[in-house]
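J.: Following this line is structure28.tsv, made up of TSV, C-alpha atoms (C1' of nucleotides):
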chain	number	residue	atom	x	y	z
A	1	MET	CA	-30.60	64.86	44.37
A	2	LEU	CA	-27.07	64.27	43.06
A	3	TYR	CA	-24.00	63.79	45.19
A	4	ILE	CA	-20.30	63.10	44.79
A	5	CYS	CA	-19.04	59.64	45.63
A	6	VAL	CA	-15.35	58.75	45.95
A	7	THR	CA	-14.58	55.04	45.43
A	8	GLY	CA	-10.91	54.16	45.28
A	9	ASN	CA	-9.42	56.97	43.23
A	10	VAL	CA	-12.49	57.44	41.06
A	11	LEU	CA	-14.87	60.34	41.49
A	12	LEU	CA	-18.48	59.62	40.67
A	13	ILE	CA	-21.54	61.78	40.37
A	14	MET	CA	-24.31	59.63	41.81
A	15	GLU	CA	-28.02	59.81	42.38
A	16	GLU	CA	-28.76	59.88	46.06
A	17	ASP	CA	-30.46	56.60	46.99
A	18	PHE	CA	-32.11	56.49	50.38
A	19	LEU	CA	-32.71	52.72	50.28
A	20	ILE	CA	-28.95	52.19	50.08
A	21	GLU	CA	-28.37	54.78	52.79
A	22	MET	CA	-30.78	52.87	55.07
A	23	GLY	CA	-28.44	49.87	55.21
A	24	TYR	CA	-29.92	46.54	56.29
A	25	PRO	CA	-33.55	47.71	56.56
A	26	GLY	CA	-33.41	48.89	52.96
A	27	LEU	CA	-32.57	45.43	51.66
A	28	THR	CA	-36.10	44.09	51.15
A	29	ALA	CA	-37.18	47.01	48.99
A	30	ARG	CA	-33.93	46.90	47.01
A	31	LEU	CA	-34.43	43.23	46.18
A	32	LYS	CA	-37.95	43.96	44.95
A	33	ARG	CA	-36.91	47.09	43.07
A	34	LEU	CA	-34.13	45.27	41.25
A	35	SER	CA	-36.27	42.24	40.46
A	36	ASP	CA	-39.03	44.47	39.08
A	37	LEU	CA	-36.53	46.33	36.95
A	38	PHE	CA	-35.27	43.09	35.40
A	39	VAL	CA	-38.80	41.86	34.79
A	40	TYR	CA	-40.09	45.07	33.16
A	41	GLN	CA	-37.06	45.54	30.95
A	42	THR	CA	-37.00	41.90	29.88
A	43	LYS	CA	-40.69	42.11	29.03
A	44	GLU	CA	-39.99	45.19	26.92
A	45	PHE	CA	-37.05	43.43	25.25
A	46	TYR	CA	-39.20	40.42	24.31
A	47	LYS	CA	-41.96	42.69	23.05
A	48	GLU	CA	-39.66	44.66	20.77
A	49	HIS	CA	-38.40	41.43	19.26
A	50	ASN	CA	-41.93	40.03	18.88
A	51	LEU	CA	-41.32	37.03	21.11
A	52	ASP	CA	-44.69	36.18	22.58
A	53	ILE	CA	-43.33	34.94	25.89
A	54	GLU	CA	-43.12	36.39	29.39
A	55	PRO	CA	-39.91	36.73	31.44
A	56	ASN	CA	-40.81	34.15	34.07
A	57	TRP	CA	-41.64	31.49	31.49
A	58	HIS	CA	-37.90	30.98	31.11
A	59	MET	CA	-37.76	28.92	34.29
A	60	ILE	CA	-40.65	26.74	33.15
A	61	PHE	CA	-39.02	26.09	29.77
A	62	LEU	CA	-35.80	25.08	31.51
A	63	ILE	CA	-37.38	22.95	34.21
A	64	LEU	CA	-39.49	21.02	31.68
A	65	LYS	CA	-36.53	20.67	29.37
A	66	LYS	CA	-34.61	19.03	32.18
A	67	HIS	CA	-37.35	16.93	33.78
A	68	ASP	CA	-39.41	16.28	30.66
A	69	GLN	CA	-42.69	15.77	32.53
A	70	LEU	CA	-43.81	17.38	35.79
A	71	THR	CA	-47.00	18.22	37.68
A	72	VAL	CA	-47.95	21.65	39.03
A	73	THR	CA	-47.11	20.53	42.55
A	74	GLU	CA	-43.70	19.20	41.55
A	75	ILE	CA	-42.84	22.45	39.78
A	76	SER	CA	-43.96	24.52	42.75
A	77	GLU	CA	-41.77	22.41	45.05
A	78	LEU	CA	-38.72	22.60	42.79
A	79	LEU	CA	-39.03	26.39	42.46
A	80	HIS	CA	-40.04	27.00	46.10
A	81	LEU	CA	-43.04	29.01	44.93
A	82	SER	CA	-46.69	28.55	45.89
A	83	HIS	CA	-48.79	26.28	43.67
A	84	PRO	CA	-51.29	29.03	42.69
A	85	ALA	CA	-48.36	30.98	41.23
A	86	ILE	CA	-47.51	27.99	39.05
A	87	VAL	CA	-51.14	27.37	38.07
A	88	LYS	CA	-51.46	30.92	36.73
A	89	LEU	CA	-48.16	30.72	34.89
A	90	ILE	CA	-48.97	27.36	33.31
A	91	ASN	CA	-52.46	28.46	32.27
A	92	LYS	CA	-51.01	31.39	30.36
A	93	MET	CA	-48.43	29.16	28.69
A	94	LYS	CA	-51.14	26.63	27.78
A	95	LYS	CA	-53.26	29.37	26.25
A	96	LYS	CA	-50.31	30.30	24.02
A	97	GLY	CA	-49.75	26.64	23.12
A	98	TYR	CA	-46.40	26.13	24.84
A	99	ILE	CA	-47.53	23.48	27.32
A	100	ASP	CA	-49.29	20.13	26.82
A	101	SER	CA	-51.17	18.72	29.78
A	102	VAL	CA	-52.37	15.12	30.07
A	103	LYS	CA	-54.25	13.54	32.94
A	104	ASP	CA	-52.13	11.03	34.85
A	105	LYS	CA	-53.25	7.45	34.16
A	106	ASN	CA	-52.43	6.27	37.70
A	107	ASP	CA	-53.61	9.26	39.71
A	108	TYR	CA	-56.55	11.18	38.36
A	109	ARG	CA	-55.80	14.22	40.51
A	110	LYS	CA	-52.62	14.95	38.60
A	111	TYR	CA	-51.89	16.46	35.21
A	112	GLN	CA	-48.54	15.67	33.63
A	113	LEU	CA	-47.14	18.79	31.97
A	114	THR	CA	-44.71	18.80	29.05
A	115	LEU	CA	-43.32	21.30	26.56
A	116	SER	CA	-45.42	21.30	23.38
A	117	LYS	CA	-44.02	20.74	19.90
A	118	LYS	CA	-44.28	24.51	19.31
A	119	ALA	CA	-42.28	25.17	22.49
A	120	LYS	CA	-39.52	22.75	21.52
A	121	GLU	CA	-39.30	24.22	18.03
A	122	LYS	CA	-39.03	27.74	19.40
A	123	LEU	CA	-36.35	26.88	21.94
A	124	PRO	CA	-33.30	27.54	19.70
A	125	VAL	CA	-34.50	31.05	18.87
A	126	LEU	CA	-35.44	31.81	22.46
A	127	GLU	CA	-32.03	30.64	23.60
A	128	THR	CA	-30.26	33.37	21.62
A	129	TYR	CA	-32.30	36.01	23.47
A	130	TRP	CA	-31.84	34.32	26.84
A	131	SER	CA	-28.13	34.20	26.15
A	132	ALA	CA	-28.04	37.97	25.59
A	133	GLY	CA	-29.90	38.41	28.88
A	134	GLU	CA	-27.51	36.16	30.73
A	135	GLN	CA	-24.48	38.01	29.38
A	136	ALA	CA	-26.01	41.37	30.24
A	137	LEU	CA	-26.50	40.12	33.78
A	138	GLU	CA	-22.90	38.94	33.92
A	139	GLU	CA	-21.82	42.43	32.89
A	140	LEU	CA	-23.90	43.97	35.66
A	141	LEU	CA	-22.37	41.55	38.18
A	142	GLU	CA	-18.93	42.41	36.81
A	143	GLY	CA	-18.25	38.79	35.94
A	144	ASN	CA	-18.35	37.36	39.42
A	145	SER	CA	-21.10	35.35	41.05
A	146	LYS	CA	-20.73	36.75	44.58
A	147	LEU	CA	-24.28	38.09	44.53
A	148	LEU	CA	-25.63	34.62	43.77
A	149	GLU	CA	-23.47	33.12	46.50
A	150	GLN	CA	-24.56	35.67	49.08
A	151	LEU	CA	-28.18	35.03	48.18
A	152	SER	CA	-27.61	31.30	48.64
A	153	ILE	CA	-26.30	31.92	52.14
A	154	VAL	CA	-29.43	33.83	53.09
A	155	GLU	CA	-31.69	31.22	51.46
A	156	ARG	CA	-29.95	28.39	53.30
A	157	ASN	CA	-30.14	30.19	56.66
A	158	ILE	CA	-33.82	30.95	56.18
A	159	GLU	CA	-34.53	27.32	55.38
A	160	ASP	CA	-32.83	26.52	58.68
A	161	LEU	CA	-34.81	28.96	60.80
A	162	ASP	CA	-37.22	31.41	59.28
A	163	PHE	CA	-37.04	35.18	59.43
A	164	LYS	CA	-40.09	35.70	61.62
A	165	THR	CA	-38.93	33.20	64.24
A	166	ARG	CA	-35.54	34.92	64.32
A	167	MET	CA	-37.21	38.29	64.88
A	168	GLU	CA	-39.35	36.85	67.70
A	169	GLN	CA	-36.31	35.33	69.40
A	170	LEU	CA	-34.31	38.54	69.17
A	171	LEU	CA	-37.25	40.60	70.43
A	172	ASN	CA	-37.63	38.39	73.49
A	173	LYS	CA	-33.98	38.87	74.43
A	174	TYR	CA	-34.78	42.33	75.79
B	1	MET	CA	-36.96	16.59	46.37
B	2	LEU	CA	-34.13	16.37	48.93
B	3	TYR	CA	-30.49	16.01	48.13
B	4	ILE	CA	-27.16	15.81	49.90
B	5	CYS	CA	-24.88	18.84	49.77
B	6	VAL	CA	-21.25	18.80	50.94
B	7	THR	CA	-19.88	22.24	51.88
B	8	GLY	CA	-16.45	22.25	53.45
B	9	ASN	CA	-16.56	19.27	55.81
B	10	VAL	CA	-20.25	19.62	56.62
B	11	LEU	CA	-22.88	17.36	55.16
B	12	LEU	CA	-26.25	18.97	54.59
B	13	ILE	CA	-29.61	17.59	53.60
B	14	MET	CA	-31.05	20.28	51.34
B	15	GLU	CA	-34.21	20.96	49.45
B	16	GLU	CA	-33.55	20.91	45.74
B	17	ASP	CA	-33.98	24.45	44.42
B	18	PHE	CA	-34.19	24.82	40.67
B	19	LEU	CA	-33.87	28.61	40.72
B	20	ILE	CA	-30.44	28.25	42.30
B	21	GLU	CA	-29.54	25.47	39.88
B	22	MET	CA	-30.41	27.79	36.96
B	23	GLY	CA	-27.57	30.14	37.82
B	24	TYR	CA	-27.71	33.67	36.43
B	25	PRO	CA	-31.16	33.38	34.80
B	26	GLY	CA	-32.63	32.36	38.15
B	27	LEU	CA	-31.53	35.58	39.81
B	28	THR	CA	-34.58	37.75	39.07
B	29	ALA	CA	-37.03	35.26	40.55
B	30	ARG	CA	-34.79	34.68	43.58
B	31	LEU	CA	-34.69	38.40	44.34
B	32	LYS	CA	-38.48	38.59	44.17
B	33	ARG	CA	-38.95	35.38	46.16
B	34	LEU	CA	-36.67	36.57	48.94
B	35	SER	CA	-38.18	40.05	49.04
B	36	ASP	CA	-41.70	38.61	49.21
B	37	LEU	CA	-40.67	36.30	52.02
B	38	PHE	CA	-39.33	39.23	54.07
B	39	VAL	CA	-42.43	41.28	53.41
B	40	TYR	CA	-44.95	38.55	54.29
B	41	GLN	CA	-43.15	37.47	57.44
B	42	THR	CA	-42.62	41.03	58.63
B	43	LYS	CA	-46.29	41.74	58.04
B	44	GLU	CA	-47.16	38.67	60.12
B	45	PHE	CA	-44.72	39.78	62.83
B	46	TYR	CA	-46.28	43.25	63.05
B	47	LYS	CA	-49.78	41.76	63.10
B	48	GLU	CA	-48.99	39.40	65.97
B	49	HIS	CA	-47.65	42.30	67.99
B	50	ASN	CA	-50.65	44.49	67.11
B	51	LEU	CA	-48.58	47.17	65.40
B	52	ASP	CA	-50.85	48.71	62.84
B	53	ILE	CA	-48.14	49.47	60.33
B	54	GLU	CA	-46.99	47.84	57.05
B	55	PRO	CA	-43.44	46.68	56.33
B	56	ASN	CA	-42.68	49.27	53.66
B	57	TRP	CA	-43.75	52.17	55.89
B	58	HIS	CA	-40.40	51.79	57.64
B	59	MET	CA	-38.63	53.61	54.82
B	60	ILE	CA	-41.14	56.48	54.93
B	61	PHE	CA	-40.75	56.87	58.69
B	62	LEU	CA	-36.98	57.02	58.30
B	63	ILE	CA	-36.91	59.33	55.32
B	64	LEU	CA	-39.28	61.80	56.97
B	65	LYS	CA	-37.37	61.55	60.23
B	66	LYS	CA	-34.22	62.57	58.38
B	67	HIS	CA	-35.62	65.18	56.00
B	68	ASP	CA	-38.46	66.43	58.17
B	69	GLN	CA	-40.60	67.61	55.27
B	70	LEU	CA	-40.81	66.18	51.75
B	71	THR	CA	-43.19	66.03	48.79
B	72	VAL	CA	-44.37	62.87	47.03
B	73	THR	CA	-42.05	63.59	44.12
B	74	GLU	CA	-39.03	64.13	46.35
B	75	ILE	CA	-39.67	60.86	48.16
B	76	SER	CA	-40.08	58.97	44.90
B	77	GLU	CA	-36.76	60.39	43.65
B	78	LEU	CA	-34.89	59.59	46.85
B	79	LEU	CA	-36.18	56.01	46.88
B	80	HIS	CA	-35.91	55.49	43.10
B	81	LEU	CA	-39.51	54.29	42.99
B	82	SER	CA	-42.34	55.56	40.80
B	83	HIS	CA	-44.50	58.35	42.17
B	84	PRO	CA	-47.75	56.33	42.05
B	85	ALA	CA	-46.12	53.81	44.39
B	86	ILE	CA	-45.45	56.59	46.89
B	87	VAL	CA	-48.92	58.11	46.48
B	88	LYS	CA	-50.54	54.81	47.46
B	89	LEU	CA	-48.22	54.29	50.38
B	90	ILE	CA	-48.70	57.81	51.71
B	91	ASN	CA	-52.49	57.62	51.35
B	92	LYS	CA	-52.59	54.53	53.53
B	93	MET	CA	-50.34	56.14	56.12
B	94	LYS	CA	-52.51	59.29	56.09
B	95	LYS	CA	-55.63	57.19	56.61
B	96	LYS	CA	-54.01	55.71	59.72
B	97	GLY	CA	-52.96	59.15	60.94
B	98	TYR	CA	-49.20	58.79	60.59
B	99	ILE	CA	-48.70	61.52	57.99
B	100	ASP	CA	-49.66	65.18	57.97
B	101	SER	CA	-49.96	66.87	54.60
B	102	VAL	CA	-50.09	70.63	54.05
B	103	LYS	CA	-50.36	72.48	50.77
B	104	ASP	CA	-47.17	74.34	49.89
B	105	LYS	CA	-47.58	78.11	50.29
B	106	ASN	CA	-45.30	78.92	47.35
B	107	ASP	CA	-46.32	76.20	44.91
B	108	TYR	CA	-49.92	75.06	44.99
B	109	ARG	CA	-49.14	71.85	43.11
B	110	LYS	CA	-47.15	70.48	46.03
B	111	TYR	CA	-48.09	69.00	49.38
B	112	GLN	CA	-45.46	69.03	52.11
B	113	LEU	CA	-45.55	65.76	54.03
B	114	THR	CA	-44.42	65.32	57.62
B	115	LEU	CA	-44.67	62.67	60.32
B	116	SER	CA	-47.71	63.31	62.52
B	117	LYS	CA	-47.59	63.66	66.30
B	118	LYS	CA	-48.92	60.10	66.58
B	119	ALA	CA	-46.12	58.85	64.31
B	120	LYS	CA	-43.42	60.59	66.34
B	121	GLU	CA	-44.84	59.26	69.60
B	122	LYS	CA	-44.93	55.72	68.26
B	123	LEU	CA	-41.38	55.82	66.92
B	124	PRO	CA	-39.61	54.57	70.08
B	125	VAL	CA	-41.83	51.48	70.26
B	126	LEU	CA	-41.54	50.79	66.54
B	127	GLU	CA	-37.78	51.07	66.78
B	128	THR	CA	-37.55	48.10	69.15
B	129	TYR	CA	-39.33	45.93	66.56
B	130	TRP	CA	-37.30	47.33	63.68
B	131	SER	CA	-34.16	46.60	65.66
B	132	ALA	CA	-35.19	42.93	66.06
B	133	GLY	CA	-35.77	42.80	62.30
B	134	GLU	CA	-32.41	44.34	61.56
B	135	GLN	CA	-30.61	41.89	63.83
B	136	ALA	CA	-32.48	38.95	62.31
B	137	LEU	CA	-31.33	40.12	58.91
B	138	GLU	CA	-27.75	40.41	60.14
B	139	GLU	CA	-27.97	36.81	61.33
B	140	LEU	CA	-29.20	35.68	57.92
B	141	LEU	CA	-26.33	37.55	56.25
B	142	GLU	CA	-23.93	35.98	58.74
B	143	GLY	CA	-22.80	39.36	59.97
B	144	ASN	CA	-21.27	40.64	56.76
B	145	SER	CA	-22.67	43.14	54.33
B	146	LYS	CA	-21.39	41.53	51.13
B	147	LEU	CA	-24.91	41.08	49.80
B	148	LEU	CA	-25.59	44.79	50.18
B	149	GLU	CA	-22.29	45.62	48.49
B	150	GLN	CA	-22.94	43.29	45.57
B	151	LEU	CA	-26.38	44.81	45.12
B	152	SER	CA	-24.81	48.27	45.08
B	153	ILE	CA	-22.50	47.20	42.27
B	154	VAL	CA	-25.44	46.05	40.15
B	155	GLU	CA	-27.43	49.17	40.97
B	156	ARG	CA	-24.53	51.43	40.02
B	157	ASN	CA	-23.91	49.59	36.75
B	158	ILE	CA	-27.58	49.74	35.82
B	159	GLU	CA	-27.64	53.46	36.47
B	160	ASP	CA	-24.72	53.68	34.03
B	161	LEU	CA	-26.33	51.69	31.23
B	162	ASP	CA	-29.63	49.95	31.66
B	163	PHE	CA	-30.29	46.24	31.42
B	164	LYS	CA	-32.36	46.35	28.24
B	165	THR	CA	-29.78	48.39	26.35
B	166	ARG	CA	-27.09	45.91	27.43
B	167	MET	CA	-29.20	43.01	26.15
B	168	GLU	CA	-29.75	44.79	22.82
B	169	GLN	CA	-26.03	45.47	22.41
B	170	LEU	CA	-25.08	41.89	23.20
B	171	LEU	CA	-27.75	40.52	20.88
B	172	ASN	CA	-26.46	42.62	17.98
B	173	LYS	CA	-22.96	41.24	18.43
B	174	TYR	CA	-24.01	38.00	16.75
C	1	DC	C1'	-65.28	-1.50	53.76
C	2	DA	C1'	-66.72	3.00	55.44
C	3	DT	C1'	-64.97	6.93	56.76
C	4	DA	C1'	-61.27	10.15	58.03
C	5	DT	C1'	-57.32	12.31	56.42
C	6	DA	C1'	-54.05	13.78	53.01
C	7	DT	C1'	-52.87	15.42	48.44
C	8	DA	C1'	-53.47	17.77	43.68
C	9	DT	C1'	-55.48	21.31	41.47
C	10	DG	C1'	-58.17	25.36	41.05
C	11	DT	C1'	-60.31	29.98	42.51
C	12	DA	C1'	-60.85	34.43	45.04
C	13	DA	C1'	-59.23	38.31	47.22
C	14	DC	C1'	-55.21	40.82	48.40
C	15	DC	C1'	-50.59	43.34	47.87
C	16	DA	C1'	-46.91	46.36	46.23
C	17	DG	C1'	-44.91	47.54	42.49
C	18	DT	C1'	-45.30	49.15	37.31
C	19	DT	C1'	-46.77	52.13	32.86
C	20	DA	C1'	-49.99	55.19	30.66
C	21	DC	C1'	-53.02	58.75	31.04
C	22	DA	C1'	-55.49	62.96	33.33
C	23	DT	C1'	-55.59	67.32	35.69
C	24	DA	C1'	-53.94	71.42	38.05
C	25	DT	C1'	-50.47	74.67	38.61
C	26	DA	C1'	-45.98	76.89	37.48
C	27	DT	C1'	-42.63	78.52	34.32
C	28	DA	C1'	-40.66	79.93	29.96
C	29	DT	C1'	-41.10	82.01	25.55
C	30	DG	C1'	-42.91	84.30	21.03
D	1	DC	C1'	-49.21	88.80	28.21
D	2	DA	C1'	-50.92	84.72	25.91
D	3	DT	C1'	-49.78	80.44	25.12
D	4	DA	C1'	-46.75	76.40	25.08
D	5	DT	C1'	-44.25	73.42	27.90
D	6	DA	C1'	-42.90	71.33	32.18
D	7	DT	C1'	-43.88	69.66	36.77
D	8	DA	C1'	-46.71	67.71	40.86
D	9	DT	C1'	-50.16	64.83	42.01
D	10	DG	C1'	-53.66	61.56	41.21
D	11	DT	C1'	-56.13	57.50	38.87
D	12	DA	C1'	-56.76	53.21	36.09
D	13	DA	C1'	-55.41	48.93	34.48
D	14	DC	C1'	-51.92	45.49	34.70
D	15	DT	C1'	-48.42	42.06	36.85
D	16	DG	C1'	-46.70	38.29	39.52
D	17	DG	C1'	-46.47	36.95	43.70
D	18	DT	C1'	-49.15	35.64	48.33
D	19	DT	C1'	-52.79	33.27	51.75
D	20	DA	C1'	-57.21	31.17	52.46
D	21	DC	C1'	-60.64	28.42	50.86
D	22	DA	C1'	-63.02	24.80	47.66
D	23	DT	C1'	-63.27	20.47	45.26
D	24	DA	C1'	-61.88	15.99	43.49
D	25	DT	C1'	-59.31	11.98	44.12
D	26	DA	C1'	-56.22	8.84	46.72
D	27	DT	C1'	-54.72	6.64	50.85
D	28	DA	C1'	-54.86	5.07	55.59
D	29	DT	C1'	-57.34	3.38	59.46
D	30	DG	C1'	-61.13	1.81	62.88
Using structure tokens, write down the structure from this file.
T.:
Amino acid sequence: MLYICVTGNVLLIMEEDFLIEMGYPGLTARLKRLSDLFVYQTKEFYKEHNLDIEPNWHMIFLILKKHDQLTVTEISELLHLSHPAIVKLINKMKKKGYIDSVKDKNDYRKYQLTLSKKAKEKLPVLETYWSAGEQALEELLEGNSKLLEQLSIVERNIEDLDFKTRMEQLLNKY
Amino acid sequence: MLYICVTGNVLLIMEEDFLIEMGYPGLTARLKRLSDLFVYQTKEFYKEHNLDIEPNWHMIFLILKKHDQLTVTEISELLHLSHPAIVKLINKMKKKGYIDSVKDKNDYRKYQLTLSKKAKEKLPVLETYWSAGEQALEELLEGNSKLLEQLSIVERNIEDLDFKTRMEQLLNKY
DNA sequence: CATATATATGTAACCAGTTACATATATATG
DNA sequence: CATATATATGTAACTGGTTACATATATATG
């Protein structure tokens, strides 16, 4: 399943990759495949260094470092993820003692979430590992942020008019 | 959670998005979030048009259209996905009658997979829906394939030296 | 002010991938 | 040729998202 690939004046021996060959319709699976790869390898990396955190906790650490105190709903809105996703995440972090949760005095439906003392103390160590991850990613992106920019374009356009509606419109054209 | 965003000479009211704000470390979750969005909306689209197929079957239809006959292992290698992922996918497609599977005459461990008669007959209809999806995606990418190219760069670099190893190397620098 | 509606959180069932392990068959080697 | 090793497929348990539904509290309205 190997093939020769000529890019510029460099000759590469490459693995054949049908998802790439597919073009546009292969995009969805490539996004998932790449995301999974990052998640699994980061998990492994943390494990080998005995950090008892999960890859996606990074975003919660950062968001609560910035905003100090947030509810589940606020986090889910800021991250554009569903609230059950955040509930599960937060429950795991609570169980490990990284999150403090206190009932809101003015609205008894809400719980105000903050980073625990343990979490704040661990931050400096965690940051050295996160920094290695960020640099590794920069290497993979070859030092430019075009991938992030291209993703932003898609995200903005989807916010404007969602994917399904676009498919419906294009289908009805014929 | 809204904010004003000035791009060029256009003023936009945007949802705040912390994953974008995070920069590089937000990438993994954005890839997953976007992939999920495509999958869920495509699923919905198929359902509303009473197509009894799943979004990720598209790649199996195409790969078996091109190669005619493949085994589970060959498919998993061509797609760079694990073989259990393909086993599950193929079992569902078999159950719906889209895949024929015959034991290899020369190697009794293998099953040769092909598109069934039903699958081949349905292809022309499916292609009109896939075409709408492809065009919708082109719209979202604003007609250029930079996102695909940037992904290819990352994929190539990872094949060269994996993400975890890069993190380890960068960590040991300090 | 009683009741309808909206919001915040939580739970259940599902989905598409993963790794680790099991089993059957093929191939290579002492 | 017997046995060790490698390969093809399959299964189990896990992960991190989703939608749909349930419950408690807050807010708005007749």
J.: Please measure the separation of CA of Trp57 (chain B) and CA of Thr114 (chain B), giving the value in Å to one decimal.
T.: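 Those two atoms sit 13.3 Å apart.
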J.: Counting all atoms listed in the file, which residues of chain B fall within 9 Å of chain D, and what is the closest atom pair for each with its distance in Å at one decimal, ordered by chain and rising number, as CSV?
T.:
residue,atom,partner,partner_atom,distance
B:Lys32,CA,D:DG17,C1',8.2
B:Arg33,CA,D:DG17,C1',8.1
B:Asp36,CA,D:DG17,C1',7.5
B:Tyr40,CA,D:DT18,C1',7.9
B:Thr71,CA,D:DA8,C1',8.8
B:Val72,CA,D:DT9,C1',7.9
B:Thr73,CA,D:DA8,C1',7.0
B:His83,CA,D:DT9,C1',8.6
B:Pro84,CA,D:DG10,C1',7.9
B:Val87,CA,D:DG10,C1',7.9
B:Arg109,CA,D:DA8,C1',5.3
B:Lys110,CA,D:DA8,C1',5.9
B:Tyr111,CA,D:DT9,C1',8.7
J.: Starting from chain C, keep only residues with some atom at most 12 Å from an atom of chain A, counting all atoms listed in the file, and report them as a PyMOL selection string.
T.: chain C and resi 7-12+16-19
J.: Could you write those residues out with C-alpha atoms (C1' of nucleotides), as a JSON list (two decimals), keeping the file's coordinate frame?
T.:
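Contents of selection.json, as written:
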[["chain", "number", "residue", "atom", "x", "y", "z"],
["C", 7, "DT", "C1'", -52.87, 15.42, 48.44],
["C", 8, "DA", "C1'", -53.47, 17.77, 43.68],
["C", 9, "DT", "C1'", -55.48, 21.31, 41.47],
["C", 10, "DG", "C1'", -58.17, 25.36, 41.05],
["C", 11, "DT", "C1'", -60.31, 29.98, 42.51],
["C", 12, "DA", "C1'", -60.85, 34.43, 45.04],
["C", 16, "DA", "C1'", -46.91, 46.36, 46.23],
["C", 17, "DG", "C1'", -44.91, 47.54, 42.49],
["C", 18, "DT", "C1'", -45.30, 49.15, 37.31],
["C", 19, "DT", "C1'", -46.77, 52.13, 32.86]]
J.: Taking all atoms listed in the file into account, produce a table as a Markdown table in which each residue of chain B with an atom at most 7 Å from an atom of chain A appears once, together with its shortest atom pair and the distance in Å to one decimal, ordered by chain and rising number.
T.:
| residue | atom | partner | partner_atom | distance |
| --- | --- | --- | --- | --- |
| B:Glu16 | CA | A:Leu78 | CA | 6.2 |
| B:Asp17 | CA | A:Leu78 | CA | 5.3 |
| B:Phe18 | CA | A:Leu79 | CA | 5.4 |
| B:Leu19 | CA | A:Leu79 | CA | 5.9 |
| B:Tyr24 | CA | A:Glu134 | CA | 6.2 |
| B:Pro25 | CA | A:Glu134 | CA | 6.1 |
| B:Thr28 | CA | A:Ser35 | CA | 5.0 |
| B:Leu31 | CA | A:Leu31 | CA | 5.2 |
| B:Lys32 | CA | A:Lys32 | CA | 5.5 |
| B:Ser35 | CA | A:Thr28 | CA | 5.0 |
| B:Phe38 | CA | A:Thr28 | CA | 6.5 |
| B:Gln41 | CA | A:Lys164 | CA | 5.5 |
| B:Thr42 | CA | A:Lys164 | CA | 6.6 |
| B:Phe45 | CA | A:Lys164 | CA | 6.3 |
| B:Leu78 | CA | A:Asp17 | CA | 5.3 |
| B:Leu79 | CA | A:Phe18 | CA | 5.4 |
| B:His80 | CA | A:Asp17 | CA | 6.8 |
| B:Tyr129 | CA | A:Leu171 | CA | 6.9 |
| B:Ala132 | CA | A:Met167 | CA | 5.2 |
| B:Gly133 | CA | A:Met167 | CA | 5.4 |
| B:Glu134 | CA | A:Pro25 | CA | 6.1 |
| B:Ala136 | CA | A:Met167 | CA | 5.4 |
| B:Leu140 | CA | A:Val154 | CA | 5.2 |
| B:Leu141 | CA | A:Val154 | CA | 5.8 |
| B:Lys146 | CA | A:Gln150 | CA | 7.0 |
| B:Leu147 | CA | A:Gln150 | CA | 5.5 |
| B:Gln150 | CA | A:Leu147 | CA | 5.5 |
| B:Ile153 | CA | A:Leu141 | CA | 7.0 |
| B:Val154 | CA | A:Leu140 | CA | 5.2 |
| B:Asn157 | CA | A:Leu140 | CA | 5.7 |
| B:Ile158 | CA | A:Leu140 | CA | 6.8 |
| B:Phe163 | CA | A:Ala136 | CA | 6.6 |
| B:Lys164 | CA | A:Gln41 | CA | 5.5 |
| B:Arg166 | CA | A:Ala136 | CA | 5.4 |
| B:Met167 | CA | A:Ala132 | CA | 5.2 |
| B:Leu170 | CA | A:Ala132 | CA | 5.5 |
| B:Leu171 | CA | A:Ala132 | CA | 5.4 |
J.: Please indicate the distance in Å from CA of Phe61 (chain A) to CA of Ala119 (chain A), rounded to one decimal place.
T.: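 Taking CA of Phe61 (chain A) as the start and CA of Ala119 (chain A) as the end point, the length is 8.0 Å.
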J.: So, with only C-alpha atoms as the atoms that count, which of A:Ile86, A:Leu51, A:Val6, A:Ile60 lies closest to Lys122 (chain A)?
T.: A:Leu51
J.: Could you work out how far CA of Leu70 (chain A) lies from CA of Ser101 (chain A), giving the answer in Å with one decimal?
T.: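 Between CA of Ser101 (chain A) and CA of Leu70 (chain A) the gap works out to 9.6 Å.
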J.: For region 45-53 of chain A, I'd like the enclosing box, axis-aligned and padded by 6 Å on every side, reported as JSON with centre and edge lengths in Å to one decimal.
T.:
{"center_x": -40.9, "center_y": 39.8, "center_z": 22.4, "size_x": 19.6, "size_y": 21.7, "size_z": 19.0}
